[in-house]
$ cat final23.cif   # mmCIF, C-alpha atoms
data_start
loop_
_atom_site.group_PDB
_atom_site.id
_atom_site.type_symbol
_atom_site.label_atom_id
_atom_site.label_comp_id
_atom_site.auth_asym_id
_atom_site.auth_seq_id
_atom_site.Cartn_x
_atom_site.Cartn_y
_atom_site.Cartn_z
ATOM 1 C CA GLU A 6 67.048 43.337 139.532
ATOM 2 C CA THR A 7 69.141 43.939 142.612
ATOM 3 C CA GLY A 8 66.355 43.764 145.161
ATOM 4 C CA VAL A 9 66.159 47.552 145.417
ATOM 5 C CA THR A 10 63.610 49.087 143.065
ATOM 6 C CA GLN A 11 63.462 52.784 142.244
ATOM 7 C CA THR A 12 60.659 54.540 140.419
ATOM 8 C CA PRO A 13 60.408 56.376 138.171
ATOM 9 C CA ARG A 14 63.531 55.655 136.119
ATOM 10 C CA HIS A 15 63.382 59.064 134.469
ATOM 11 C CA LEU A 16 61.682 62.268 135.596
ATOM 12 C CA VAL A 17 61.482 65.687 133.995
ATOM 13 C CA MET A 18 59.981 68.396 136.145
ATOM 14 C CA GLY A 19 59.582 72.124 136.105
ATOM 15 C CA MET A 20 60.958 74.264 138.888
ATOM 16 C CA THR A 21 57.495 74.846 140.344
ATOM 17 C CA ASN A 22 56.435 71.197 140.304
ATOM 18 C CA LYS A 23 56.165 68.800 143.206
ATOM 19 C CA LYS A 24 57.165 65.203 142.608
ATOM 20 C CA SER A 25 58.294 62.205 144.609
ATOM 21 C CA LEU A 26 60.892 59.512 144.069
ATOM 22 C CA LYS A 27 60.191 56.063 145.457
ATOM 23 C CA CYS A 28 62.535 53.343 146.636
ATOM 24 C CA GLU A 29 61.519 49.873 147.782
ATOM 25 C CA GLN A 30 63.553 46.950 149.072
ATOM 26 C CA HIS A 31 62.521 43.505 150.218
ATOM 27 C CA LEU A 32 65.936 42.298 151.314
ATOM 28 C CA GLY A 33 65.136 42.547 154.996
ATOM 29 C CA HIS A 34 67.573 45.442 155.354
ATOM 30 C CA ASN A 35 67.148 47.979 158.116
ATOM 31 C CA ALA A 36 69.083 50.927 156.695
ATOM 32 C CA MET A 37 68.261 52.936 153.596
ATOM 33 C CA TYR A 38 70.094 55.785 151.924
ATOM 34 C CA TRP A 39 69.658 58.510 149.330
ATOM 35 C CA TYR A 40 72.667 59.556 147.259
ATOM 36 C CA LYS A 41 72.956 62.199 144.553
ATOM 37 C CA GLN A 42 75.295 61.609 141.619
ATOM 38 C CA SER A 43 76.142 64.608 139.444
ATOM 39 C CA ALA A 44 78.477 64.604 136.484
ATOM 40 C CA LYS A 45 82.160 64.693 137.432
ATOM 41 C CA LYS A 46 81.442 64.763 141.177
ATOM 42 C CA PRO A 47 81.641 62.037 143.808
ATOM 43 C CA LEU A 48 78.441 60.486 145.019
ATOM 44 C CA GLU A 49 76.965 62.745 147.667
ATOM 45 C CA LEU A 50 75.309 61.168 150.664
ATOM 46 C CA MET A 51 72.011 62.961 151.292
ATOM 47 C CA PHE A 52 70.044 61.062 153.917
ATOM 48 C CA VAL A 53 70.417 57.946 156.050
ATOM 49 C CA TYR A 54 67.589 56.055 157.713
ATOM 50 C CA ASN A 55 68.092 53.261 160.189
ATOM 51 C CA PHE A 56 65.035 51.364 161.443
ATOM 52 C CA LYS A 57 62.851 54.142 159.959
ATOM 53 C CA GLU A 58 64.651 56.849 161.937
ATOM 54 C CA GLN A 59 66.643 59.509 160.134
ATOM 55 C CA THR A 60 70.216 59.338 161.382
ATOM 56 C CA GLU A 61 71.885 61.594 158.852
ATOM 57 C CA ASN A 62 70.944 64.714 156.953
ATOM 58 C CA ASN A 63 74.007 65.854 155.084
ATOM 59 C CA SER A 64 73.094 69.549 154.947
ATOM 60 C CA VAL A 65 70.591 68.920 152.200
ATOM 61 C CA PRO A 66 68.405 71.881 151.142
ATOM 62 C CA SER A 67 64.850 71.770 152.435
ATOM 63 C CA ARG A 68 63.469 71.475 148.902
ATOM 64 C CA PHE A 69 64.403 67.788 149.301
ATOM 65 C CA SER A 70 62.241 66.095 151.908
ATOM 66 C CA PRO A 71 62.741 62.404 152.747
ATOM 67 C CA GLU A 72 60.152 60.073 154.170
ATOM 68 C CA CYS A 73 60.611 56.550 155.485
ATOM 69 C CA PRO A 74 57.270 55.032 156.523
ATOM 70 C CA ASN A 75 58.799 51.601 157.172
ATOM 71 C CA SER A 76 62.095 49.781 156.723
ATOM 72 C CA SER A 77 61.162 48.673 153.203
ATOM 73 C CA HIS A 78 60.160 51.996 151.672
ATOM 74 C CA LEU A 79 61.912 55.306 151.243
ATOM 75 C CA PHE A 80 60.664 58.396 149.459
ATOM 76 C CA LEU A 81 62.272 61.633 148.385
ATOM 77 C CA HIS A 82 59.772 64.443 147.970
ATOM 78 C CA LEU A 83 60.866 67.231 145.645
ATOM 79 C CA HIS A 84 59.530 70.773 145.374
ATOM 80 C CA THR A 85 60.706 74.032 143.832
ATOM 81 C CA LEU A 86 63.898 72.459 142.553
ATOM 82 C CA GLN A 87 66.636 74.250 140.669
ATOM 83 C CA PRO A 88 68.272 73.217 137.382
ATOM 84 C CA GLU A 89 71.459 72.331 139.300
ATOM 85 C CA ASP A 90 69.462 69.641 141.106
ATOM 86 C CA SER A 91 69.388 67.653 137.869
ATOM 87 C CA ALA A 92 71.270 64.434 138.604
ATOM 88 C CA LEU A 93 70.986 60.696 139.082
ATOM 89 C CA TYR A 94 69.393 59.975 142.449
ATOM 90 C CA LEU A 95 70.367 56.619 143.872
ATOM 91 C CA CYS A 96 68.734 54.697 146.672
ATOM 92 C CA ALA A 97 70.603 51.999 148.559
ATOM 93 C CA SER A 98 69.988 49.656 151.456
ATOM 94 C CA SER A 99 72.170 47.692 153.845
ATOM 95 C CA PRO A 100 71.599 45.380 156.786
ATOM 96 C CA GLY A 101 72.232 48.355 159.057
ATOM 97 C CA ARG A 102 74.585 46.776 161.578
ATOM 98 C CA GLY A 103 78.156 45.715 161.136
ATOM 99 C CA PRO A 104 80.306 46.096 158.044
ATOM 100 C CA ALA A 105 78.338 45.285 154.926
ATOM 101 C CA GLY A 106 78.027 46.311 151.323
ATOM 102 C CA TYR A 107 75.177 48.388 150.024
ATOM 103 C CA THR A 108 72.626 47.190 147.510
ATOM 104 C CA PHE A 109 71.773 49.985 145.091
ATOM 105 C CA GLY A 110 68.753 50.591 142.931
ATOM 106 C CA SER A 111 69.136 51.602 139.280
ATOM 107 C CA GLY A 112 68.482 55.236 140.102
ATOM 108 C CA THR A 113 66.128 57.971 138.954
ATOM 109 C CA ARG A 114 67.499 60.312 136.308
ATOM 110 C CA LEU A 115 66.042 63.699 137.250
ATOM 111 C CA THR A 116 66.023 66.662 134.898
ATOM 112 C CA VAL A 117 64.804 70.025 136.190
ATOM 113 C CA VAL A 118 63.747 72.438 133.466
ATOM 114 C CA SER B 17 84.461 66.084 153.128
ATOM 115 C CA GLN B 18 85.494 63.845 150.282
ATOM 116 C CA GLN B 19 87.071 60.696 151.624
ATOM 117 C CA GLY B 20 88.331 58.632 148.711
ATOM 118 C CA GLU B 21 90.124 59.620 145.570
ATOM 119 C CA GLU B 22 90.753 57.123 142.828
ATOM 120 C CA ASP B 23 93.711 57.103 140.526
ATOM 121 C CA PRO B 24 93.824 57.103 137.558
ATOM 122 C CA GLN B 25 90.644 58.943 136.592
ATOM 123 C CA ALA B 26 90.499 56.955 133.372
ATOM 124 C CA LEU B 27 92.186 53.776 132.176
ATOM 125 C CA SER B 28 92.098 52.090 128.771
ATOM 126 C CA ILE B 29 93.476 48.573 128.298
ATOM 127 C CA GLN B 30 93.203 45.640 125.917
ATOM 128 C CA GLU B 31 91.145 42.563 126.701
ATOM 129 C CA GLY B 32 93.218 40.031 128.610
ATOM 130 C CA GLU B 33 95.400 42.623 130.301
ATOM 131 C CA ASN B 34 95.285 43.407 134.007
ATOM 132 C CA ALA B 35 93.795 46.647 135.311
ATOM 133 C CA THR B 36 94.938 48.305 138.522
ATOM 134 C CA MET B 37 93.106 51.133 140.208
ATOM 135 C CA ASN B 38 94.177 52.942 143.349
ATOM 136 C CA CYS B 39 92.279 54.696 146.084
ATOM 137 C CA SER B 40 93.550 57.067 148.733
ATOM 138 C CA TYR B 41 91.590 58.272 151.714
ATOM 139 C CA LYS B 42 92.074 60.732 154.526
ATOM 140 C CA THR B 43 90.802 59.448 157.870
ATOM 141 C CA SER B 44 90.753 56.200 159.827
ATOM 142 C CA ILE B 45 88.344 53.618 158.521
ATOM 143 C CA ASN B 46 86.471 50.555 159.690
ATOM 144 C CA ASN B 47 86.388 49.015 156.220
ATOM 145 C CA LEU B 48 86.824 49.929 152.564
ATOM 146 C CA GLN B 49 84.646 48.737 149.719
ATOM 147 C CA TRP B 50 84.831 48.711 145.943
ATOM 148 C CA TYR B 51 81.866 49.147 143.634
ATOM 149 C CA ARG B 52 81.284 49.006 139.882
ATOM 150 C CA GLN B 53 78.868 51.198 137.962
ATOM 151 C CA ASN B 54 77.843 50.637 134.391
ATOM 152 C CA SER B 55 76.886 53.784 132.530
ATOM 153 C CA GLY B 56 73.941 55.563 134.147
ATOM 154 C CA ARG B 57 73.013 52.608 136.335
ATOM 155 C CA GLY B 58 73.191 51.806 140.023
ATOM 156 C CA LEU B 59 76.364 50.693 141.743
ATOM 157 C CA VAL B 60 77.179 47.043 142.310
ATOM 158 C CA HIS B 61 79.102 45.962 145.396
ATOM 159 C CA LEU B 62 82.265 44.043 144.496
ATOM 160 C CA ILE B 63 84.275 43.453 147.634
ATOM 161 C CA LEU B 64 84.731 44.631 151.232
ATOM 162 C CA ILE B 65 88.034 44.650 153.065
ATOM 163 C CA ARG B 66 88.232 45.332 156.792
ATOM 164 C CA SER B 67 90.822 47.583 158.359
ATOM 165 C CA ASN B 68 92.639 44.607 159.917
ATOM 166 C CA GLU B 69 92.940 42.817 156.567
ATOM 167 C CA ARG B 70 95.706 43.434 154.054
ATOM 168 C CA GLU B 71 94.533 41.527 151.007
ATOM 169 C CA LYS B 72 91.353 39.922 149.754
ATOM 170 C CA HIS B 73 90.422 37.965 146.630
ATOM 171 C CA SER B 74 87.149 37.389 144.846
ATOM 172 C CA GLY B 75 87.301 35.641 141.490
ATOM 173 C CA ARG B 76 89.383 37.846 139.172
ATOM 174 C CA LEU B 77 89.469 40.655 141.733
ATOM 175 C CA ARG B 78 92.267 41.297 144.191
ATOM 176 C CA VAL B 79 92.078 44.104 146.714
ATOM 177 C CA THR B 80 94.863 45.313 148.958
ATOM 178 C CA LEU B 81 94.671 47.720 151.866
ATOM 179 C CA ASP B 82 97.503 49.656 153.461
ATOM 180 C CA THR B 83 96.130 51.537 156.455
ATOM 181 C CA SER B 84 99.516 53.129 157.213
ATOM 182 C CA LYS B 85 99.433 54.812 153.802
ATOM 183 C CA LYS B 86 95.646 55.187 153.796
ATOM 184 C CA SER B 87 95.442 53.570 150.393
ATOM 185 C CA SER B 88 93.875 50.623 148.629
ATOM 186 C CA SER B 89 94.204 49.063 145.208
ATOM 187 C CA LEU B 90 91.853 47.012 143.071
ATOM 188 C CA LEU B 91 93.363 44.618 140.547
ATOM 189 C CA ILE B 92 91.215 43.041 137.860
ATOM 190 C CA THR B 93 93.050 40.205 136.159
ATOM 191 C CA ALA B 94 92.486 38.937 132.623
ATOM 192 C CA SER B 95 90.105 41.789 131.846
ATOM 193 C CA ARG B 96 87.096 41.379 129.562
ATOM 194 C CA ALA B 97 85.114 43.875 127.519
ATOM 195 C CA ALA B 98 82.280 43.385 130.018
ATOM 196 C CA ASP B 99 84.510 44.870 132.748
ATOM 197 C CA THR B 100 84.140 48.268 131.077
ATOM 198 C CA ALA B 101 82.579 50.462 133.778
ATOM 199 C CA SER B 102 83.371 53.045 136.434
ATOM 200 C CA TYR B 103 84.917 51.729 139.631
ATOM 201 C CA PHE B 104 84.543 53.471 142.981
ATOM 202 C CA CYS B 105 86.098 52.971 146.347
ATOM 203 C CA ALA B 106 84.035 53.787 149.411
ATOM 204 C CA THR B 107 85.129 54.125 153.005
ATOM 205 C CA ASP B 108 83.209 53.351 156.146
ATOM 206 C CA ALA B 109 84.569 55.218 159.143
ATOM 207 C CA GLY B 110 82.347 53.219 161.480
ATOM 208 C CA GLY B 111 81.524 54.478 164.925
ATOM 209 C CA GLY B 112 77.816 54.915 164.357
ATOM 210 C CA ALA B 113 74.738 52.751 164.487
ATOM 211 C CA THR B 114 74.655 52.621 160.695
ATOM 212 C CA ASN B 115 77.547 52.024 158.352
ATOM 213 C CA LYS B 116 77.828 55.184 156.277
ATOM 214 C CA LEU B 117 79.832 55.050 153.073
ATOM 215 C CA ILE B 118 81.661 57.970 151.541
ATOM 216 C CA PHE B 119 82.524 57.446 147.891
ATOM 217 C CA GLY B 120 85.447 58.606 145.817
ATOM 218 C CA THR B 121 85.410 60.144 142.371
ATOM 219 C CA GLY B 122 85.847 56.878 140.499
ATOM 220 C CA THR B 123 88.036 55.398 137.771
ATOM 221 C CA LEU B 124 86.542 54.945 134.315
ATOM 222 C CA LEU B 125 87.856 51.676 132.888
ATOM 223 C CA ALA B 126 87.570 50.923 129.185
ATOM 224 C CA VAL B 127 88.514 47.426 128.049
ATOM 225 C CA GLN B 128 89.044 47.238 124.295
ATOM 226 C CA PRO B 129 88.095 43.940 122.615
#
$ encode --input "final23.cif" --output "structure tokens"
Amino acid sequence: ETGVTQTPRHLVMGMTNKKSLKCEQHLGHNAMYWYKQSAKKPLELMFVYNFKEQTENNSVPSRFSPECPNSSHLFLHLHTLQPEDSALYLCASSPGRGPAGYTFGSGTRLTVV
Amino acid sequence: SQQGEEDPQALSIQEGENATMNCSYKTSINNLQWYRQNSGRGLVHLILIRSNEREKHSGRLRVTLDTSKKSSSLLITASRAADTASYFCATDAGGGATNKLIFGTGTLLAVQP
């Protein structure tokens, strides 16, 4: 365990479903991130939250909706996804100030059918 | 835009040999980081090197940074089968309230026993 926990580990959903991914950290970090990792592509930064405020939305389609109720929890709400949204979704956290490495969760493997 | 590109894309070596991976990036950075990812899992932070540093060591890892060439290298000495993984460089351009990492495409390292 890295200190960042993602659930579920695997998710299969239809294009009309609504589901949510959850990320939780108890490292005392103030910044949390969502990344998307698709085969043969670099990790894509999706959203950045710092002290619960969204500071980055990297032109992500509105079918992905993030929520950060507090500095320890981050959600990614999914609705009407497309098959090309199938990927590994990774959550990470960092202290939020100054140069520092990220701590990643193990990811949620999402398959859209 | 994609910041880092690793070279080579794939590398296969024998146990005990050294492995060298390179990373090139495009814009000025605050720091550069290297991560390891085992198949289908989250990324693990290995080492961070600041823009005013030229070389850094951590155990069997040696990282160099040449800001004039916008490049970095990761050397793993005396490799082990357990080092088999994908390795990514990530750049932090700084300048914001939150450090935001942009990842490269990665090098897949296979260490043969």
$ residues_near_point --input "final23.cif" --point "(70.0, 59.8, 142.0)" --cutoff "8 Å" --atoms "all atoms listed in the file" --output "VMD selection string"
chain A and resid 39 to 42 92 to 96 112 to 115
$ atom_distance --input "final23.cif" --atom1 "CA of Ile65 in chain B" --atom2 "CA of Asn63 in chain A"
25.5 Å
$ closest_atom_pairs --input "final23.cif" --of "chain B" --to "chain A" --cutoff "10 Å" --atoms "only C-alpha atoms" --output "CSV"
residue,atom,partner,partner_atom,distance
B:Ser17,CA,A:Glu49,CA,9.9
B:Gln18,CA,A:Pro47,CA,7.7
B:Gln19,CA,A:Pro47,CA,9.6
B:Gly20,CA,A:Pro47,CA,9.0
B:Glu21,CA,A:Pro47,CA,9.0
B:Asn46,CA,A:Pro104,CA,7.8
B:Asn47,CA,A:Pro104,CA,7.0
B:Leu48,CA,A:Pro104,CA,9.3
B:Gln49,CA,A:Gly106,CA,7.2
B:Trp50,CA,A:Gly106,CA,9.0
B:Tyr51,CA,A:Gly106,CA,9.0
B:Gln53,CA,A:Ser111,CA,9.8
B:Gly56,CA,A:Leu93,CA,7.7
B:Arg57,CA,A:Ser111,CA,5.0
B:Gly58,CA,A:Ser111,CA,4.1
B:Leu59,CA,A:Phe109,CA,5.7
B:Val60,CA,A:Phe109,CA,6.8
B:His61,CA,A:Gly106,CA,6.0
B:Leu62,CA,A:Gly106,CA,8.3
B:Ile63,CA,A:Gly106,CA,7.8
B:Leu64,CA,A:Gly106,CA,6.9
B:Ile65,CA,A:Pro104,CA,9.3
B:Arg66,CA,A:Pro104,CA,8.1
B:Phe104,CA,A:Pro47,CA,9.1
B:Ala106,CA,A:Leu48,CA,9.8
B:Asp108,CA,A:Pro104,CA,8.0
B:Gly110,CA,A:Pro104,CA,8.2
B:Gly112,CA,A:Arg102,CA,9.2
B:Ala113,CA,A:Arg102,CA,6.6
B:Thr114,CA,A:Gly101,CA,5.2
B:Asn115,CA,A:Gly101,CA,6.5
B:Lys116,CA,A:Val53,CA,7.9
B:Leu117,CA,A:Leu50,CA,8.0
B:Ile118,CA,A:Leu50,CA,7.2
B:Phe119,CA,A:Leu48,CA,5.8
B:Gly120,CA,A:Pro47,CA,5.5
B:Thr121,CA,A:Pro47,CA,4.5
B:Gly122,CA,A:Pro47,CA,7.4
$ closest_residue --input "final23.cif" --among "A:Ser91, A:Thr116, A:Asn62, A:Thr85" --to "Lys23 in chain A" --atoms "only C-alpha atoms"
A:Thr85
$ resolve_selection --input "final23.cif" --expression "the PyMOL selection byres ((chain B and resi 27-39) around 6)" --output "list in words"
Glu21, Glu22, Asp23, Ala26, Ser40, Ser87, Ser88, Ser89, Leu90, Leu91, Ile92, Thr93, Ala94, Ser95, Arg96, Leu125, Ala126, Val127, Gln128 and Pro129 of chain B
$ resolve_selection --input "final23.cif" --expression "the PyMOL selection byres ((chain A and resi 68-74) around 7)" --output "list in words"
Lys57, Val65, Pro66, Ser67, Asn75, His78, Leu79, Phe80, Leu81, His82, Leu83, His84, Thr85 and Leu86 of chain A
$ residues_around --input "final23.cif" --residues "Thr83 in chain B" --least-positions-apart "2" --cutoff "9 Å" --atoms "all atoms listed in the file" --output "PyMOL selection string"
chain B and resi 44-45+67-68+70+81+85-88
$ atom_distance --input "final23.cif" --atom1 "CA of Glu69 in chain B" --atom2 "CA of Thr43 in chain B"
16.8 Å
$ atom_distance --input "final23.cif" --atom1 "CA of Gln11 in chain A" --atom2 "CA of Gln59 in chain A"
19.4 Å
$ closest_residue --input "final23.cif" --among "B:Thr100, B:Ser74, B:Gln25, B:Ser84" --to "Ser55 in chain B" --atoms "all atoms listed in the file"
B:Thr100
$ axis_aligned_box --input "final23.cif" --around "range 15-34 of chain A" --padding-each-side "5 Å" --output "AutoDock Vina command-line options"
--center_x 61.9 --center_y 58.6 --center_z 144.7 --size_x 21.4 --size_y 42.5 --size_z 31.4
$ closest_residue --input "final23.cif" --among "A:Ser64, A:Gly8, A:Met51, A:Val118" --to "His34 in chain A" --atoms "all atoms listed in the file"
A:Gly8
